[in-house]
Amino acid sequence: MLRDWAFILPQLSIFVALTIVPLILAIPYLFTDIAQFNDPQINGVGLRNFLALFTDKSVQADYLPALRRTLVFVFLNYTTVYIFGLTLALMMYEVGFRGGFFTIVYLPLMVSGLAVGYMAVMLFARETGTANLLLMELGVIKEPFNIYSAKGTAFILPLLVGWRYAGYNMAIFLSGLLAIPSETIEASIVDGASYWQRLWRVYFPQMMPAFIMATTMCLIGSFTVFDELVAMGALYVNPEAKLLSVLFFTYGFQVERLGMGMTLAMETFLPLILVGIALQRLQRRLQY
Amino acid sequence: MPAMSFVPNSLFRGRARKVAVRVVASAVMVVYSILTVFPFYALIIRSFVPTKESTKLHLWLPKTQEVSMEAEVGNLAVFYNLDLRDLKDALGIPQTEFIMARTRLREIAAKYELPEDRIRAFFAGFYRYNGWKTLLAGRLYGTSFWGALLRTLAITVCSLALLILLSIMTGYGLAGLRRRYQMTVYNIYLLQMVIPGMLILLPQYMLVQAFLRLFPGYEVEGPTRTVLQMLSLVLINVKGTALSVMIFTSAISSIPQDIEHSAMIDGASSLQYLRHILLPLLKVPIASLVVIMLPLIYNQFLEPYVYLDPKNSTLLPFTQSVVGQFSTNFQVIYSAIVASTLPMVLVYLIFRQFFVEGVMAGAVKG
C-alpha cells in the first residue's frame, strides 16, 4: 500500500495542485470585486457576482448573446459528430478498414485550432476567401459566404471544427462497432434484417458506450472552444465570434473583471460538470 | 416461397448490392479526401499570393512579377514589409542616407547612379516570397520564428517524456484497482475529462503566478524567468489526464501478477521491475499516449499565450503576434500558419502507421 502511494503521488500531487486546488482557492475570490491578477485592493461584495447574471444589465448584455451563440455552436457541432464521425465510421466498417483513408480523415487533428480558424478565414472571407472565389467561379453560389457575419460564423465554425475532429470521432465509433460480437450481426443478417433495422436494433444499442463517450467529449469541448475563435478575431474585431469562453477570458485578462469572470465561469460550467459526471457513470455501467 | 429459389436470388442481390455499396463508398472517400486536402493546398498557395491579388482566385503559384521601377519604397515597406536597411545594404547606399517614403525606385537608381538591373536583382521574387522571407528572417517582440519553434520542441519533448514516466508510475500504483483508495484516485483523474479547461484557467494562472512569482513585472527576471515560465507549461502538460491514467492502468492490470511476483522473488526492486520488465511490455500503450498527446501539446495555444512573455512565446502565440503585427499582409500571416503547422503534419505523415494503430488502441480504452 505504501508502495502504491509512492508511485501514485508524484503525478497526483501535480494534478491536484493544478486542477483541484485552483478551483478551491478560487472560491473566496468569487465574493470579491478583484479586478485583475495583481489587484492591490480587493473588497468583499457578497453575492453580487452570483446575482449579476439576473440583475446587472451590463453583464447580461455580455453574457446572454454569448450564451446564445455558444448553445447554437454546441448544437451544430454535436450534429457534426454524427455527420462526419458516425457516417465515416459506418462506411469504414462496411467496406473494411482503409489505413490510407483513415490517415486523411485524421489529418486535420494535427492542425491547431488556431490554424483551423485561420483556414476558415482563408476559405470564407467575403472578398478574399479561396473557397468563395472558387465556388463563384464554378457558378455554385451567387453570393459569397462571409465568415464575419452572424450566420457565417454560426455555420462555418461548427463545420470546420467538426471536420477537424472527424478522425477522432470516427475512431471512437469505429472501435465501438468493432467491439460488437460478429455473431449478433450474422444472426440478424440470416434473419433477414434490412441494413436500417440492423443499424437501430443491433449496432446502435451495442455502441452505447461509444455514443456516450463522443457526447461527453463534444459537450465539454464545444463549451470551451477558444483557439478557433481567436483566429476568427473574437478578441478584437469580430463580436459574432464572442462565445462564452472568450467572454471569461476577456473578463480575466482584458477588461479587469476577474472576480465576475470566474463567478460566471463557475455558474456556467458547474451544471456541465455534473452532466459530464453523470454521463461517465452511465458509460461505465454500460461497459461492465 | 420454396427455399431453393430464394437462396440464389438473395445471393445475387447481395452481390450486386455489395458492389454498389463499394462504389458509393469509394466515391465518398475520394470526395472527402479532396475536401480535406484542399484547405492545406489552398493555404500553401495563398502563402505565395501577394495581398493585392488576394481577391483573385489562385489555384497555382502566382506568376513571378517584377517590381515596377515606379513603385514607391514607402508602399513596399508598408504592404510588403520591405526593410529599408536591407535595401540600402544590398545597393551599397550608406545607412545614414535618408530615403523618403514617396521615393520611386527609378529615382533611387538615378540619385545613387545605380544600374536598374541591380535593383531588379534585389527584388527578384519579391512579391512571391516576401511572406516567407518576412516570417523566417524577421524578429518580433524580441524573438524569431526559429526561437519559437525551438521552445515549442523543447516543451513538447520534455512534457511527453515526463508525462510517460509519471503516467506509467500512476498506472503501476493503480493497477488492478482492487483497493478503495485506488478507485478514489482513478475517479479523481476521470474528473479531468469533464472539468473544462476554461474554468480552471483563471484560478490556475493566479496560483501558478503567485507560486512561481511570475507576475509580469515581478522581481524574477532574465533567464530564470524564461525557464520558470516554460516549466509552468511543462507542469500543466504532465499533470496527467483521464486518458493517460486509463491507458496505463488497464495495460498494467492486464500483465499477469505472477511475473511481478517472480521478479520480486529473484530480488528485483519495484523500480527494477518497472524499468526492465514492465517498460518493454508497455510499448503499445506508450505509443498510444504519444500519438494522442503529441498534437495536443504541440498545438497548445491558450496556456502559452497566457503564461509566456511575448519574447518567450512558442509557435502559436508567435503566430498570433505575427497576425497582429502584419494584419494587412495576408502573405506573412498564411506563411506563419503553414510554417507552424508543417512540422506536426510531417511527423504525422512519416509515422502515420503508428498514429492509426495508436489512436485505434487508445479509442478502445476510452
# chains A, B, ... in the order shown; residues from 1 in each chain; ligands from 1
$ interface_residues --of "chain B" --to "chain A" --cutoff "6 Å" --atoms "only C-alpha atoms" --output "list in words"
Ser54, Thr55, Leu57, Leu166, Met169, Thr170, Gly173, Val194, Met198, Leu199, Pro203, Gln204, Lys239, Pro295, Asn299, Ile337, Thr341, Val345, Met360, Ala363 and Val364 of chain B
$ write_last_selection --atoms "all heavy atoms" --output "short mmCIF file (atom, residue, chain, number, x, y, z; two decimals), in the first residue's frame"
data_model
loop_
_atom_site.label_atom_id
_atom_site.label_comp_id
_atom_site.auth_asym_id
_atom_site.auth_seq_id
_atom_site.Cartn_x
_atom_site.Cartn_y
_atom_site.Cartn_z
N SER B 54 -5.20 39.09 -53.67
CA SER B 54 -5.94 38.09 -52.91
C SER B 54 -7.43 38.06 -53.25
O SER B 54 -8.12 37.15 -52.84
CB SER B 54 -5.74 38.33 -51.41
OG SER B 54 -6.14 39.64 -51.09
N THR B 55 -7.92 39.03 -54.02
CA THR B 55 -9.33 38.93 -54.42
C THR B 55 -9.48 38.13 -55.71
O THR B 55 -10.58 37.95 -56.20
CB THR B 55 -9.95 40.32 -54.64
OG1 THR B 55 -9.13 41.04 -55.55
CG2 THR B 55 -10.08 41.07 -53.34
N LEU B 57 -8.85 34.42 -57.74
CA LEU B 57 -8.71 33.00 -57.42
C LEU B 57 -7.35 32.51 -57.89
O LEU B 57 -6.99 32.66 -59.05
CB LEU B 57 -9.82 32.21 -58.11
CG LEU B 57 -9.77 30.70 -57.88
CD1 LEU B 57 -9.96 30.38 -56.41
CD2 LEU B 57 -10.83 30.00 -58.72
N LEU B 166 5.62 9.61 -15.54
CA LEU B 166 4.68 9.77 -14.43
C LEU B 166 3.44 8.91 -14.61
O LEU B 166 2.93 8.34 -13.65
CB LEU B 166 4.29 11.24 -14.29
CG LEU B 166 5.39 12.16 -13.77
CD1 LEU B 166 4.95 13.62 -13.84
CD2 LEU B 166 5.74 11.81 -12.33
N MET B 169 4.08 5.32 -13.76
CA MET B 169 4.11 5.15 -12.31
C MET B 169 2.70 5.14 -11.73
O MET B 169 2.35 4.29 -10.91
CB MET B 169 4.94 6.27 -11.67
CG MET B 169 6.43 6.11 -11.89
SD MET B 169 7.39 7.57 -11.48
CE MET B 169 7.06 7.70 -9.73
N THR B 170 1.88 6.08 -12.19
CA THR B 170 0.49 6.11 -11.71
C THR B 170 -0.22 4.81 -12.05
O THR B 170 -0.89 4.21 -11.21
CB THR B 170 -0.27 7.28 -12.35
OG1 THR B 170 0.45 8.48 -12.11
CG2 THR B 170 -1.66 7.40 -11.78
N GLY B 173 0.85 2.09 -9.78
CA GLY B 173 0.28 2.23 -8.44
C GLY B 173 -1.20 1.90 -8.40
O GLY B 173 -1.72 1.47 -7.37
N VAL B 194 -14.12 15.96 -17.53
CA VAL B 194 -15.32 16.78 -17.51
C VAL B 194 -15.10 18.19 -16.97
O VAL B 194 -16.00 19.02 -17.04
CB VAL B 194 -16.46 16.10 -16.69
CG1 VAL B 194 -16.88 14.81 -17.34
CG2 VAL B 194 -16.02 15.86 -15.27
N MET B 198 -11.30 25.93 -19.57
CA MET B 198 -11.57 27.35 -19.43
C MET B 198 -11.96 27.71 -17.99
O MET B 198 -11.74 28.83 -17.55
CB MET B 198 -12.72 27.71 -20.38
CG MET B 198 -12.70 29.12 -20.86
SD MET B 198 -11.27 29.47 -21.86
CE MET B 198 -10.98 31.14 -21.43
N LEU B 199 -12.55 26.74 -17.28
CA LEU B 199 -12.98 27.00 -15.90
C LEU B 199 -11.79 27.18 -14.98
O LEU B 199 -11.78 28.07 -14.13
CB LEU B 199 -13.86 25.86 -15.40
CG LEU B 199 -14.27 25.92 -13.93
CD1 LEU B 199 -15.09 27.15 -13.65
CD2 LEU B 199 -15.04 24.68 -13.54
N PRO B 203 -8.17 30.76 -12.21
CA PRO B 203 -7.56 30.48 -10.91
C PRO B 203 -6.21 29.77 -11.01
O PRO B 203 -5.31 30.03 -10.21
CB PRO B 203 -8.59 29.60 -10.21
CG PRO B 203 -9.59 29.21 -11.22
CD PRO B 203 -9.52 30.19 -12.34
N GLN B 204 -6.07 28.89 -12.01
CA GLN B 204 -4.81 28.18 -12.16
C GLN B 204 -3.68 29.16 -12.47
O GLN B 204 -2.58 29.08 -11.90
CB GLN B 204 -4.94 27.17 -13.31
CG GLN B 204 -3.79 26.22 -13.46
CD GLN B 204 -3.93 25.43 -14.75
OE1 GLN B 204 -3.95 25.98 -15.84
NE2 GLN B 204 -4.05 24.13 -14.63
N LYS B 239 0.46 16.89 -15.87
CA LYS B 239 -0.36 16.63 -14.68
C LYS B 239 -1.23 15.39 -14.84
O LYS B 239 -1.82 14.93 -13.88
CB LYS B 239 -1.20 17.86 -14.33
CG LYS B 239 -2.36 18.14 -15.24
CD LYS B 239 -2.99 19.46 -14.83
CE LYS B 239 -3.92 20.03 -15.85
NZ LYS B 239 -5.30 19.63 -15.74
N PRO B 295 0.11 15.85 -30.72
CA PRO B 295 -0.50 17.01 -31.38
C PRO B 295 -1.15 17.97 -30.40
O PRO B 295 -1.12 19.18 -30.61
CB PRO B 295 -1.55 16.40 -32.32
CG PRO B 295 -1.65 14.98 -31.97
CD PRO B 295 -0.45 14.59 -31.20
N ASN B 299 0.25 21.71 -30.33
CA ASN B 299 -0.71 22.71 -30.82
C ASN B 299 -1.34 23.53 -29.71
O ASN B 299 -2.35 24.19 -29.91
CB ASN B 299 -1.82 22.03 -31.62
CG ASN B 299 -1.35 21.63 -32.99
OD1 ASN B 299 -0.52 22.30 -33.59
ND2 ASN B 299 -1.85 20.52 -33.49
N ILE B 337 1.04 30.48 -40.63
CA ILE B 337 0.17 29.33 -40.34
C ILE B 337 0.76 28.06 -40.94
O ILE B 337 0.83 27.01 -40.28
CB ILE B 337 -1.25 29.55 -40.91
CG1 ILE B 337 -1.81 30.90 -40.51
CG2 ILE B 337 -2.18 28.43 -40.49
CD1 ILE B 337 -2.19 31.03 -39.12
N THR B 341 2.24 24.80 -38.82
CA THR B 341 1.50 23.54 -38.97
C THR B 341 2.38 22.43 -39.53
O THR B 341 2.25 21.27 -39.17
CB THR B 341 0.30 23.74 -39.91
OG1 THR B 341 -0.46 24.84 -39.44
CG2 THR B 341 -0.57 22.52 -39.96
N VAL B 345 2.47 18.08 -39.15
CA VAL B 345 1.89 17.30 -40.25
C VAL B 345 2.93 16.35 -40.83
O VAL B 345 2.64 15.19 -41.13
CB VAL B 345 1.33 18.24 -41.33
CG1 VAL B 345 0.98 17.47 -42.58
CG2 VAL B 345 0.10 18.97 -40.81
N MET B 360 -6.43 3.95 -32.64
CA MET B 360 -7.47 2.92 -32.52
C MET B 360 -7.34 2.20 -31.18
O MET B 360 -8.33 1.94 -30.51
CB MET B 360 -7.36 1.92 -33.68
CG MET B 360 -7.95 2.43 -34.98
SD MET B 360 -9.61 3.10 -34.80
CE MET B 360 -10.55 1.61 -34.48
N ALA B 363 -8.63 4.58 -28.52
CA ALA B 363 -10.08 4.76 -28.57
C ALA B 363 -10.79 3.60 -27.90
O ALA B 363 -11.83 3.77 -27.29
CB ALA B 363 -10.54 4.91 -30.02
N VAL B 364 -10.21 2.39 -28.01
CA VAL B 364 -10.83 1.22 -27.38
C VAL B 364 -10.84 1.40 -25.87
O VAL B 364 -11.81 1.12 -25.20
CB VAL B 364 -10.07 -0.06 -27.78
CG1 VAL B 364 -10.61 -1.24 -27.01
CG2 VAL B 364 -10.19 -0.30 -29.27
#
$ closest_residue --among "B:Ile255, B:Arg139, B:Tyr348, B:Ile297" --to "B:Ala161" --atoms "only C-alpha atoms"
B:Ile297
$ residues_around --residues "B:Ala71" --least-positions-apart "6" --cutoff "12 Å" --atoms "only C-alpha atoms" --output "tab-separated table (two decimals) with all heavy atoms, in the first residue's frame"
chain	number	residue	atom	x	y	z
B	77	ALA	N	7.32	49.12	-48.21
B	77	ALA	CA	7.61	48.89	-46.79
B	77	ALA	C	6.34	48.58	-46.02
B	77	ALA	O	6.29	47.68	-45.19
B	77	ALA	CB	8.32	50.10	-46.20
B	79	PHE	N	3.20	47.59	-47.24
B	79	PHE	CA	2.38	46.44	-47.64
B	79	PHE	C	3.17	45.15	-47.79
B	79	PHE	O	2.62	44.07	-47.76
B	79	PHE	CB	1.64	46.76	-48.94
B	79	PHE	CG	0.64	47.87	-48.75
B	79	PHE	CD1	0.82	49.10	-49.35
B	79	PHE	CD2	-0.45	47.67	-47.94
B	79	PHE	CE1	-0.10	50.12	-49.15
B	79	PHE	CE2	-1.37	48.69	-47.73
B	79	PHE	CZ	-1.19	49.92	-48.34
B	80	TYR	N	4.47	45.25	-48.02
B	80	TYR	CA	5.25	44.02	-48.21
B	80	TYR	C	6.39	43.91	-47.22
B	80	TYR	O	7.26	43.07	-47.38
B	80	TYR	CB	5.76	43.96	-49.65
B	80	TYR	CG	4.63	43.88	-50.62
B	80	TYR	CD1	4.19	45.01	-51.29
B	80	TYR	CD2	3.95	42.68	-50.81
B	80	TYR	CE1	3.12	44.95	-52.15
B	80	TYR	CE2	2.87	42.61	-51.67
B	80	TYR	CZ	2.46	43.75	-52.34
B	80	TYR	OH	1.39	43.68	-53.17
B	101	ALA	N	9.59	58.25	-48.07
B	101	ALA	CA	8.65	57.18	-48.36
B	101	ALA	C	8.12	57.27	-49.79
B	101	ALA	O	7.82	56.25	-50.42
B	101	ALA	CB	7.49	57.24	-47.38
B	102	ARG	N	7.99	58.51	-50.32
B	102	ARG	CA	7.40	58.66	-51.66
B	102	ARG	C	8.41	58.45	-52.78
B	102	ARG	O	8.07	58.55	-53.94
B	102	ARG	CB	6.78	60.06	-51.81
B	102	ARG	CG	5.70	60.38	-50.79
B	102	ARG	CD	4.48	59.52	-50.99
B	102	ARG	NE	3.91	59.66	-52.32
B	102	ARG	CZ	2.98	60.56	-52.62
B	102	ARG	NH1	2.56	61.39	-51.69
B	102	ARG	NH2	2.50	60.64	-53.84
B	103	THR	N	9.68	58.17	-52.40
B	103	THR	CA	10.70	57.99	-53.43
B	103	THR	C	10.40	56.76	-54.29
B	103	THR	O	10.08	55.69	-53.76
B	103	THR	CB	12.08	57.80	-52.78
B	103	THR	OG1	12.21	58.76	-51.73
B	103	THR	CG2	13.19	57.99	-53.79
B	104	ARG	N	10.51	56.92	-55.64
B	104	ARG	CA	10.32	55.77	-56.52
B	104	ARG	C	11.65	55.07	-56.73
B	104	ARG	O	12.71	55.67	-56.59
B	104	ARG	CB	9.77	56.22	-57.87
B	104	ARG	CG	8.36	56.75	-57.76
B	104	ARG	CD	7.93	57.43	-59.04
B	104	ARG	NE	6.76	58.25	-58.80
B	104	ARG	CZ	5.51	57.76	-58.71
B	104	ARG	NH1	5.30	56.46	-58.85
B	104	ARG	NH2	4.49	58.55	-58.47
B	105	LEU	N	11.58	53.79	-57.08
B	105	LEU	CA	12.81	53.03	-57.27
B	105	LEU	C	13.66	53.65	-58.38
B	105	LEU	O	14.88	53.71	-58.30
B	105	LEU	CB	12.48	51.57	-57.60
B	105	LEU	CG	11.84	50.78	-56.46
B	105	LEU	CD1	11.54	49.36	-56.90
B	105	LEU	CD2	12.74	50.77	-55.24
B	106	ARG	N	12.96	54.15	-59.43
B	106	ARG	CA	13.70	54.77	-60.54
B	106	ARG	C	14.51	55.97	-60.04
B	106	ARG	O	15.67	56.16	-60.43
B	106	ARG	CB	12.71	55.23	-61.62
B	106	ARG	CG	13.38	55.71	-62.90
B	106	ARG	CD	12.36	56.22	-63.91
B	106	ARG	NE	11.36	55.22	-64.29
B	106	ARG	CZ	11.62	54.16	-65.08
B	106	ARG	NH1	12.82	53.97	-65.54
B	106	ARG	NH2	10.67	53.31	-65.39
B	107	GLU	N	13.90	56.73	-59.13
B	107	GLU	CA	14.59	57.90	-58.59
B	107	GLU	C	15.82	57.49	-57.77
B	107	GLU	O	16.85	58.16	-57.79
B	107	GLU	CB	13.63	58.72	-57.73
B	107	GLU	CG	12.53	59.39	-58.55
B	107	GLU	CD	11.36	59.88	-57.70
B	107	GLU	OE1	11.52	59.96	-56.46
B	107	GLU	OE2	10.30	60.17	-58.27
B	108	ILE	N	15.68	56.37	-57.03
B	108	ILE	CA	16.84	55.89	-56.26
B	108	ILE	C	17.97	55.54	-57.21
B	108	ILE	O	19.13	55.92	-57.00
B	108	ILE	CB	16.44	54.66	-55.42
B	108	ILE	CG1	15.45	55.07	-54.35
B	108	ILE	CG2	17.68	54.03	-54.79
B	108	ILE	CD1	15.06	53.94	-53.43
B	119	ILE	N	18.85	46.87	-58.94
B	119	ILE	CA	17.64	46.96	-58.11
B	119	ILE	C	16.70	45.81	-58.44
B	119	ILE	O	16.13	45.16	-57.55
B	119	ILE	CB	16.95	48.33	-58.32
B	119	ILE	CG1	17.90	49.44	-57.88
B	119	ILE	CG2	15.65	48.39	-57.53
B	119	ILE	CD1	17.31	50.82	-57.93
B	120	ARG	N	16.59	45.52	-59.75
B	120	ARG	CA	15.73	44.40	-60.15
B	120	ARG	C	16.21	43.10	-59.53
B	120	ARG	O	15.43	42.27	-59.09
B	120	ARG	CB	15.71	44.27	-61.68
B	120	ARG	CG	14.92	45.35	-62.36
B	120	ARG	CD	14.30	44.89	-63.66
B	120	ARG	NE	13.53	45.98	-64.24
B	120	ARG	CZ	14.08	46.90	-65.04
B	120	ARG	NH1	15.35	46.83	-65.39
B	120	ARG	NH2	13.33	47.87	-65.51
B	123	PHE	N	15.15	42.74	-56.06
B	123	PHE	CA	13.71	42.48	-55.91
B	123	PHE	C	13.25	41.20	-56.59
B	123	PHE	O	12.05	40.98	-56.73
B	123	PHE	CB	12.90	43.67	-56.43
B	123	PHE	CG	12.86	44.81	-55.45
B	123	PHE	CD1	13.56	45.97	-55.68
B	123	PHE	CD2	12.12	44.70	-54.30
B	123	PHE	CE1	13.53	47.01	-54.77
B	123	PHE	CE2	12.07	45.74	-53.38
B	123	PHE	CZ	12.77	46.90	-53.62
$ closest_residue --among "B:Leu59, B:Leu212, B:Ala109, B:Leu274" --to "B:Lys88" --atoms "only C-alpha atoms"
B:Ala109
$ residues_around --residues "B:Ala148" --least-positions-apart "2" --cutoff "12 Å" --atoms "only C-alpha atoms" --output "NGL selection string"
:B and (135-136 or 139-146 or 150-155 or 230 or 298 or 304 or 308-322 or 336 or 339-340)
$ write_last_selection --atoms "C-alpha atoms" --output "PDB file, in the first residue's frame"
ATOM      1  CA  LEU B 135       8.476  35.400 -41.402  1.00  0.00           C
ATOM      2  CA  LEU B 136      11.689  33.395 -41.387  1.00  0.00           C
ATOM      3  CA  ARG B 139      12.107  39.304 -35.413  1.00  0.00           C
ATOM      4  CA  LEU B 140       9.036  40.220 -33.419  1.00  0.00           C
ATOM      5  CA  TYR B 141       8.797  41.221 -29.749  1.00  0.00           C
ATOM      6  CA  GLY B 142      12.326  40.008 -29.113  1.00  0.00           C
ATOM      7  CA  THR B 143      12.027  36.589 -30.680  1.00  0.00           C
ATOM      8  CA  SER B 144      12.034  34.953 -34.090  1.00  0.00           C
ATOM      9  CA  PHE B 145      10.142  32.116 -35.711  1.00  0.00           C
ATOM     10  CA  TRP B 146      13.097  29.808 -35.102  1.00  0.00           C
ATOM     11  CA  LEU B 150      12.835  25.668 -30.649  1.00  0.00           C
ATOM     12  CA  ARG B 151      10.893  26.461 -27.478  1.00  0.00           C
ATOM     13  CA  THR B 152       7.873  24.566 -28.749  1.00  0.00           C
ATOM     14  CA  LEU B 153      10.005  21.500 -29.442  1.00  0.00           C
ATOM     15  CA  ALA B 154      11.720  21.747 -26.059  1.00  0.00           C
ATOM     16  CA  ILE B 155       8.435  21.999 -24.170  1.00  0.00           C
ATOM     17  CA  MET B 230       8.433  27.128 -19.604  1.00  0.00           C
ATOM     18  CA  TYR B 298       2.450  20.831 -29.856  1.00  0.00           C
ATOM     19  CA  PRO B 304       1.388  29.510 -23.693  1.00  0.00           C
ATOM     20  CA  LEU B 308       4.619  33.163 -21.607  1.00  0.00           C
ATOM     21  CA  ASP B 309       6.053  36.625 -22.159  1.00  0.00           C
ATOM     22  CA  PRO B 310       5.978  37.513 -25.871  1.00  0.00           C
ATOM     23  CA  LYS B 311       9.737  37.147 -26.064  1.00  0.00           C
ATOM     24  CA  ASN B 312       9.488  33.576 -24.729  1.00  0.00           C
ATOM     25  CA  SER B 313       6.495  32.601 -26.808  1.00  0.00           C
ATOM     26  CA  THR B 314       6.023  29.283 -28.545  1.00  0.00           C
ATOM     27  CA  LEU B 315       4.862  28.779 -32.134  1.00  0.00           C
ATOM     28  CA  LEU B 316       1.168  29.506 -31.854  1.00  0.00           C
ATOM     29  CA  PRO B 317       1.318  32.640 -29.696  1.00  0.00           C
ATOM     30  CA  PHE B 318       4.096  33.786 -32.029  1.00  0.00           C
ATOM     31  CA  THR B 319       1.796  33.184 -34.979  1.00  0.00           C
ATOM     32  CA  GLN B 320      -0.830  35.253 -33.227  1.00  0.00           C
ATOM     33  CA  SER B 321       1.668  38.113 -32.746  1.00  0.00           C
ATOM     34  CA  VAL B 322       2.561  37.877 -36.430  1.00  0.00           C
ATOM     35  CA  ALA B 336       3.145  31.713 -40.460  1.00  0.00           C
ATOM     36  CA  ALA B 339       5.125  27.107 -41.041  1.00  0.00           C
ATOM     37  CA  SER B 340       3.649  26.395 -37.624  1.00  0.00           C
TER      38      SER B 340
END
$ residues_around --residues "stretch 61-70 of chain B" --least-positions-apart "2" --cutoff "12 Å" --atoms "only C-alpha atoms" --output "PyMOL selection string"
chain B and resi 41-54+56-59+72-76+80+82+102-110+115-130
$ write_last_selection --atoms "C-alpha atoms" --output "PDB file, in the first residue's frame"
ATOM      1  CA  TYR B  41      -3.238  23.083 -50.509  1.00  0.00           C
ATOM      2  CA  ALA B  42      -5.016  26.427 -50.722  1.00  0.00           C
ATOM      3  CA  LEU B  43      -3.203  27.642 -47.608  1.00  0.00           C
ATOM      4  CA  ILE B  44       0.203  26.826 -49.090  1.00  0.00           C
ATOM      5  CA  ILE B  45      -0.696  28.548 -52.357  1.00  0.00           C
ATOM      6  CA  ARG B  46      -2.034  31.575 -50.507  1.00  0.00           C
ATOM      7  CA  SER B  47       1.276  31.967 -48.664  1.00  0.00           C
ATOM      8  CA  PHE B  48       2.759  32.870 -52.065  1.00  0.00           C
ATOM      9  CA  VAL B  49      -0.058  35.109 -53.284  1.00  0.00           C
ATOM     10  CA  PRO B  50       0.590  38.843 -52.757  1.00  0.00           C
ATOM     11  CA  THR B  51      -2.090  40.611 -50.764  1.00  0.00           C
ATOM     12  CA  LYS B  52      -3.029  42.874 -53.670  1.00  0.00           C
ATOM     13  CA  GLU B  53      -4.026  39.792 -55.695  1.00  0.00           C
ATOM     14  CA  SER B  54      -5.938  38.094 -52.909  1.00  0.00           C
ATOM     15  CA  LYS B  56      -8.441  36.787 -57.450  1.00  0.00           C
ATOM     16  CA  LEU B  57      -8.712  33.004 -57.422  1.00  0.00           C
ATOM     17  CA  HIS B  58      -5.308  31.319 -57.326  1.00  0.00           C
ATOM     18  CA  LEU B  59      -5.147  27.552 -57.640  1.00  0.00           C
ATOM     19  CA  GLU B  72       7.340  53.891 -54.025  1.00  0.00           C
ATOM     20  CA  VAL B  73       9.541  52.465 -51.283  1.00  0.00           C
ATOM     21  CA  GLY B  74       7.035  53.580 -48.654  1.00  0.00           C
ATOM     22  CA  ASN B  75       4.320  51.373 -50.125  1.00  0.00           C
ATOM     23  CA  LEU B  76       6.690  48.442 -50.436  1.00  0.00           C
ATOM     24  CA  TYR B  80       5.249  44.024 -48.211  1.00  0.00           C
ATOM     25  CA  LEU B  82      10.375  45.752 -47.182  1.00  0.00           C
ATOM     26  CA  ARG B 102       7.399  58.657 -51.661  1.00  0.00           C
ATOM     27  CA  THR B 103      10.698  57.991 -53.432  1.00  0.00           C
ATOM     28  CA  ARG B 104      10.316  55.770 -56.522  1.00  0.00           C
ATOM     29  CA  LEU B 105      12.813  53.029 -57.270  1.00  0.00           C
ATOM     30  CA  ARG B 106      13.696  54.771 -60.540  1.00  0.00           C
ATOM     31  CA  GLU B 107      14.594  57.902 -58.593  1.00  0.00           C
ATOM     32  CA  ILE B 108      16.840  55.893 -56.261  1.00  0.00           C
ATOM     33  CA  ALA B 109      18.630  54.422 -59.270  1.00  0.00           C
ATOM     34  CA  ALA B 110      19.132  57.896 -60.717  1.00  0.00           C
ATOM     35  CA  PRO B 115      22.039  50.335 -62.751  1.00  0.00           C
ATOM     36  CA  GLU B 116      18.325  49.480 -62.621  1.00  0.00           C
ATOM     37  CA  ASP B 117      19.221  45.818 -63.101  1.00  0.00           C
ATOM     38  CA  ARG B 118      20.883  45.811 -59.714  1.00  0.00           C
ATOM     39  CA  ILE B 119      17.642  46.963 -58.107  1.00  0.00           C
ATOM     40  CA  ARG B 120      15.726  44.400 -60.153  1.00  0.00           C
ATOM     41  CA  ALA B 121      18.110  41.696 -58.938  1.00  0.00           C
ATOM     42  CA  PHE B 122      17.453  42.723 -55.333  1.00  0.00           C
ATOM     43  CA  PHE B 123      13.711  42.484 -55.911  1.00  0.00           C
ATOM     44  CA  ALA B 124      13.785  39.109 -57.729  1.00  0.00           C
ATOM     45  CA  GLY B 125      10.889  37.014 -56.435  1.00  0.00           C
ATOM     46  CA  PHE B 126       9.977  39.836 -54.056  1.00  0.00           C
ATOM     47  CA  TYR B 127       6.203  39.576 -54.407  1.00  0.00           C
ATOM     48  CA  ARG B 128       6.064  35.794 -54.344  1.00  0.00           C
ATOM     49  CA  TYR B 129       8.375  35.135 -51.421  1.00  0.00           C
ATOM     50  CA  ASN B 130       8.055  38.185 -49.240  1.00  0.00           C
TER      51      ASN B 130
END
$ select_by_dssp --residues "stretch 35-196 of chain A" --states "helix (DSSP H, G or I)" --output "number ranges by chain"
A: 48-55, 57-95, 99-110, 113-124, 130-137, 150-178, 182-190, 195-196
$ atom_distance --atom1 "atom CA of A:Ile180" --atom2 "atom CA of B:Ala242"
24.4 Å
$ atom_distance --atom1 "atom CA of B:His276" --atom2 "atom CA of B:Ala263"
10.0 Å
$ atom_distance --atom1 "atom CA of A:Lys57" --atom2 "atom CA of A:Val255"
16.3 Å
$ closest_atom_pairs --of "stretch 40-79 of chain A" --to "stretch 155-160 of chain A" --cutoff "12 Å" --atoms "only C-alpha atoms" --output "Markdown table"
| residue | atom | partner | partner_atom | distance |
| --- | --- | --- | --- | --- |
| A:Arg69 | CA | A:Phe155 | CA | 10.8 |
| A:Thr70 | CA | A:Pro158 | CA | 10.8 |
| A:Leu71 | CA | A:Pro158 | CA | 11.6 |
| A:Val72 | CA | A:Phe155 | CA | 9.2 |
| A:Phe73 | CA | A:Pro158 | CA | 6.3 |
| A:Val74 | CA | A:Pro158 | CA | 8.2 |
| A:Phe75 | CA | A:Pro158 | CA | 9.0 |
| A:Leu76 | CA | A:Pro158 | CA | 6.1 |
| A:Asn77 | CA | A:Pro158 | CA | 4.8 |
| A:Tyr78 | CA | A:Pro158 | CA | 8.5 |
| A:Thr79 | CA | A:Pro158 | CA | 9.0 |
$ residues_around --residues "stretch 63-68 of chain A" --least-positions-apart "4" --cutoff "6 Å" --atoms "only C-alpha atoms" --output "list in words"
Val59, Lys242, Leu243 and Leu244 of chain A
$ write_last_selection --atoms "N, CA and C atoms" --output "short mmCIF file (atom, residue, chain, number, x, y, z; two decimals), in the first residue's frame"
data_model
loop_
_atom_site.label_atom_id
_atom_site.label_comp_id
_atom_site.auth_asym_id
_atom_site.auth_seq_id
_atom_site.Cartn_x
_atom_site.Cartn_y
_atom_site.Cartn_z
N VAL A 59 -23.69 43.03 -17.49
CA VAL A 59 -23.27 41.63 -17.55
C VAL A 59 -24.21 40.84 -18.45
N LYS A 242 -17.77 35.98 -30.38
CA LYS A 242 -17.63 36.02 -28.92
C LYS A 242 -18.52 34.97 -28.29
N LEU A 243 -17.97 33.81 -28.00
CA LEU A 243 -18.70 32.79 -27.27
C LEU A 243 -18.34 32.91 -25.79
N LEU A 244 -18.92 32.04 -24.96
CA LEU A 244 -18.72 32.18 -23.52
C LEU A 244 -17.25 32.12 -23.12
#
